[in-house]
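Enquirer: Structure incoming, see below.
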Amino acid sequence: MTDVPRVELTSAAAELLRRLRAAHGPLMFHQSGGCCDGSAPMCYPAGEFRTGGSDVLLQDLTVEGVAEPVSFWMSRSQYEVWSHTRLIVDVVEGRGSGFSLEAPEGVRFLIRSRLVDTQPSTGTP
């Protein structure tokens, strides 16, 4: 399971991140366990959303054309529900939250998911 990325990007999401990075500087994602837009991945300038003990860093995403990794954080309560999935960050048309950087672009980030094998491949616990 350590070889399986917890989070990946579609090509559309990577392209949008390159544009957002050019306009806003280093970026980060946070996905809370809230309702409405709180259940969608929110993109912020890196460090603008304060993370703490109630958050889990799932992955530092490498995006071609972006100098630094884009961290993807999730609330611990949401992670407990989604811990057996691979998250795929995609982009769809439509206005998302006013707090996420892509909102003025007329698109929003969206999570798609796939179940991942939860059994260790080595046979050891």
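Labels for the structure tokens follow display order: chains A, B, ..., residues from 1 in each chain, ligands from 1.
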Give me the residues near Ala14 in chain A as a PyMOL selection string, where near means some atom within 10 Å (using only C-alpha atoms) and where sequence neighbours in that chain fewer than 5 positions away do not count.
Expert: chain A and resi 8-9+19-20+61-66+89-91
Enquirer: How would the residues just picked look written out with N, CA, C and O atoms as a PDB file, in the first residue's frame?
Expert:
```pdb
ATOM      1  N   GLU A   8      -4.241  11.569  -6.231  1.00  0.00           N
ATOM      2  CA  GLU A   8      -3.675  11.835  -7.548  1.00  0.00           C
ATOM      3  C   GLU A   8      -4.515  12.908  -8.227  1.00  0.00           C
ATOM      4  O   GLU A   8      -5.603  13.237  -7.769  1.00  0.00           O
ATOM      5  N   LEU A   9      -3.979  13.458  -9.285  1.00  0.00           N
ATOM      6  CA  LEU A   9      -4.629  14.544 -10.015  1.00  0.00           C
ATOM      7  C   LEU A   9      -4.972  14.106 -11.425  1.00  0.00           C
ATOM      8  O   LEU A   9      -4.187  13.401 -12.062  1.00  0.00           O
ATOM      9  N   ARG A  19      -2.225  27.154 -13.370  1.00  0.00           N
ATOM     10  CA  ARG A  19      -2.750  28.520 -13.511  1.00  0.00           C
ATOM     11  C   ARG A  19      -2.910  29.202 -12.154  1.00  0.00           C
ATOM     12  O   ARG A  19      -2.553  30.372 -12.000  1.00  0.00           O
ATOM     13  N   LEU A  20      -3.434  28.465 -11.189  1.00  0.00           N
ATOM     14  CA  LEU A  20      -3.623  29.047  -9.855  1.00  0.00           C
ATOM     15  C   LEU A  20      -2.284  29.360  -9.200  1.00  0.00           C
ATOM     16  O   LEU A  20      -2.131  30.380  -8.526  1.00  0.00           O
ATOM     17  N   LEU A  61       1.655  16.548  -3.346  1.00  0.00           N
ATOM     18  CA  LEU A  61       1.461  16.265  -4.768  1.00  0.00           C
ATOM     19  C   LEU A  61       2.512  16.966  -5.616  1.00  0.00           C
ATOM     20  O   LEU A  61       2.758  18.158  -5.442  1.00  0.00           O
ATOM     21  N   THR A  62       3.091  16.242  -6.532  1.00  0.00           N
ATOM     22  CA  THR A  62       4.011  16.812  -7.497  1.00  0.00           C
ATOM     23  C   THR A  62       3.211  17.160  -8.744  1.00  0.00           C
ATOM     24  O   THR A  62       2.507  16.316  -9.297  1.00  0.00           O
ATOM     25  N   VAL A  63       3.317  18.415  -9.158  1.00  0.00           N
ATOM     26  CA  VAL A  63       2.593  18.892 -10.335  1.00  0.00           C
ATOM     27  C   VAL A  63       3.627  19.420 -11.309  1.00  0.00           C
ATOM     28  O   VAL A  63       4.374  20.346 -10.986  1.00  0.00           O
ATOM     29  N   GLU A  64       3.687  18.815 -12.493  1.00  0.00           N
ATOM     30  CA  GLU A  64       4.633  19.274 -13.500  1.00  0.00           C
ATOM     31  C   GLU A  64       4.396  20.751 -13.784  1.00  0.00           C
ATOM     32  O   GLU A  64       3.264  21.195 -13.980  1.00  0.00           O
ATOM     33  N   GLY A  65       5.468  21.535 -13.744  1.00  0.00           N
ATOM     34  CA  GLY A  65       5.368  22.965 -13.990  1.00  0.00           C
ATOM     35  C   GLY A  65       5.145  23.797 -12.736  1.00  0.00           C
ATOM     36  O   GLY A  65       5.081  25.014 -12.808  1.00  0.00           O
ATOM     37  N   VAL A  66       5.027  23.129 -11.593  1.00  0.00           N
ATOM     38  CA  VAL A  66       4.882  23.826 -10.314  1.00  0.00           C
ATOM     39  C   VAL A  66       6.134  23.512  -9.497  1.00  0.00           C
ATOM     40  O   VAL A  66       6.474  22.347  -9.303  1.00  0.00           O
ATOM     41  N   VAL A  89      -8.316  13.965  -7.591  1.00  0.00           N
ATOM     42  CA  VAL A  89      -8.763  15.351  -7.675  1.00  0.00           C
ATOM     43  C   VAL A  89      -9.028  15.667  -9.145  1.00  0.00           C
ATOM     44  O   VAL A  89      -8.147  15.519  -9.979  1.00  0.00           O
ATOM     45  N   ASP A  90     -10.263  16.081  -9.426  1.00  0.00           N
ATOM     46  CA  ASP A  90     -10.662  16.410 -10.786  1.00  0.00           C
ATOM     47  C   ASP A  90     -11.260  17.817 -10.783  1.00  0.00           C
ATOM     48  O   ASP A  90     -11.383  18.446  -9.724  1.00  0.00           O
ATOM     49  N   VAL A  91     -11.619  18.304 -11.947  1.00  0.00           N
ATOM     50  CA  VAL A  91     -12.228  19.623 -12.113  1.00  0.00           C
ATOM     51  C   VAL A  91     -13.504  19.447 -12.924  1.00  0.00           C
ATOM     52  O   VAL A  91     -13.513  18.719 -13.915  1.00  0.00           O
TER      53      VAL A  91
END
```
Enquirer: Please provide as a PyMOL selection string all residues within 6 Å of Arg86 in chain A, with the sequence filter that same-chain residues fewer than 6 positions apart are discarded (counting only C-alpha atoms).
Expert: chain A and resi 6-7+113-114
Enquirer: Hey, which of A:Thr51, A:Gln59, A:Gln78, A:Ser83 ends up closest to Ser32 in chain A? Count only C-alpha atoms.
Expert: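 Residue with the minimum atom-to-atom distance to Ser32 in chain A: A:Gln78.
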Enquirer: Determine the nearest neighbour of Thr10 in chain A from the options A:Val107, A:Ala22, A:Ala40, A:Ile88, counting only C-alpha atoms.
Expert: A:Ile88
Enquirer: Pick out the residues sitting within 9 Å of Leu101 in chain A, and hand them over as JSON, numbers by chain; count only C-alpha atoms, and ignore anything fewer than 4 positions along from it in its own chain.
Expert: {"A": [20, 24, 42, 43, 44, 45, 97, 105]}
Enquirer: In terms of the shortest atom-to-atom distance over only C-alpha atoms, which of A:Thr85, A:Ser11, A:Ser75, A:Ser100 is closest to Glu48 in chain A?
Expert: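 Checking each candidate against Glu48 in chain A, we get A:Ser100 as the closest.
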Enquirer: Residues of range 65-125 of chain A classed as alpha helix (DSSP H) by DSSP on the backbone are to be reported as a list in words.
Expert: Arg76, Ser77, Gln78, Tyr79, Glu80, Val81 and Trp82 of chain A
Enquirer: Which of these residues is nearest to Ala13 in chain A, using only C-alpha atoms: A:Ser77, A:Trp82, A:Val70, A:Arg95?
Expert: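 Looking only at the distances to Ala13 in chain A, the closest residue turns out to be A:Val70.
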Enquirer: How many Å lie between CA of Glu93 in chain A and CA of Phe29 in chain A, rounded to one decimal?
Expert: 18.7 Å
Enquirer: Quick one: distance from CA of Ile111 in chain A to CA of Glu80 in chain A in Å, one decimal?
Expert: 16.0 Å
Enquirer: If you measure from CA of Gly94 in chain A to CA of Ala23 in chain A, what distance in Å do you get, rounded to one decimal?
Expert: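 Computed distance, CA of Gly94 in chain A to CA of Ala23 in chain A, equals 20.2 Å.
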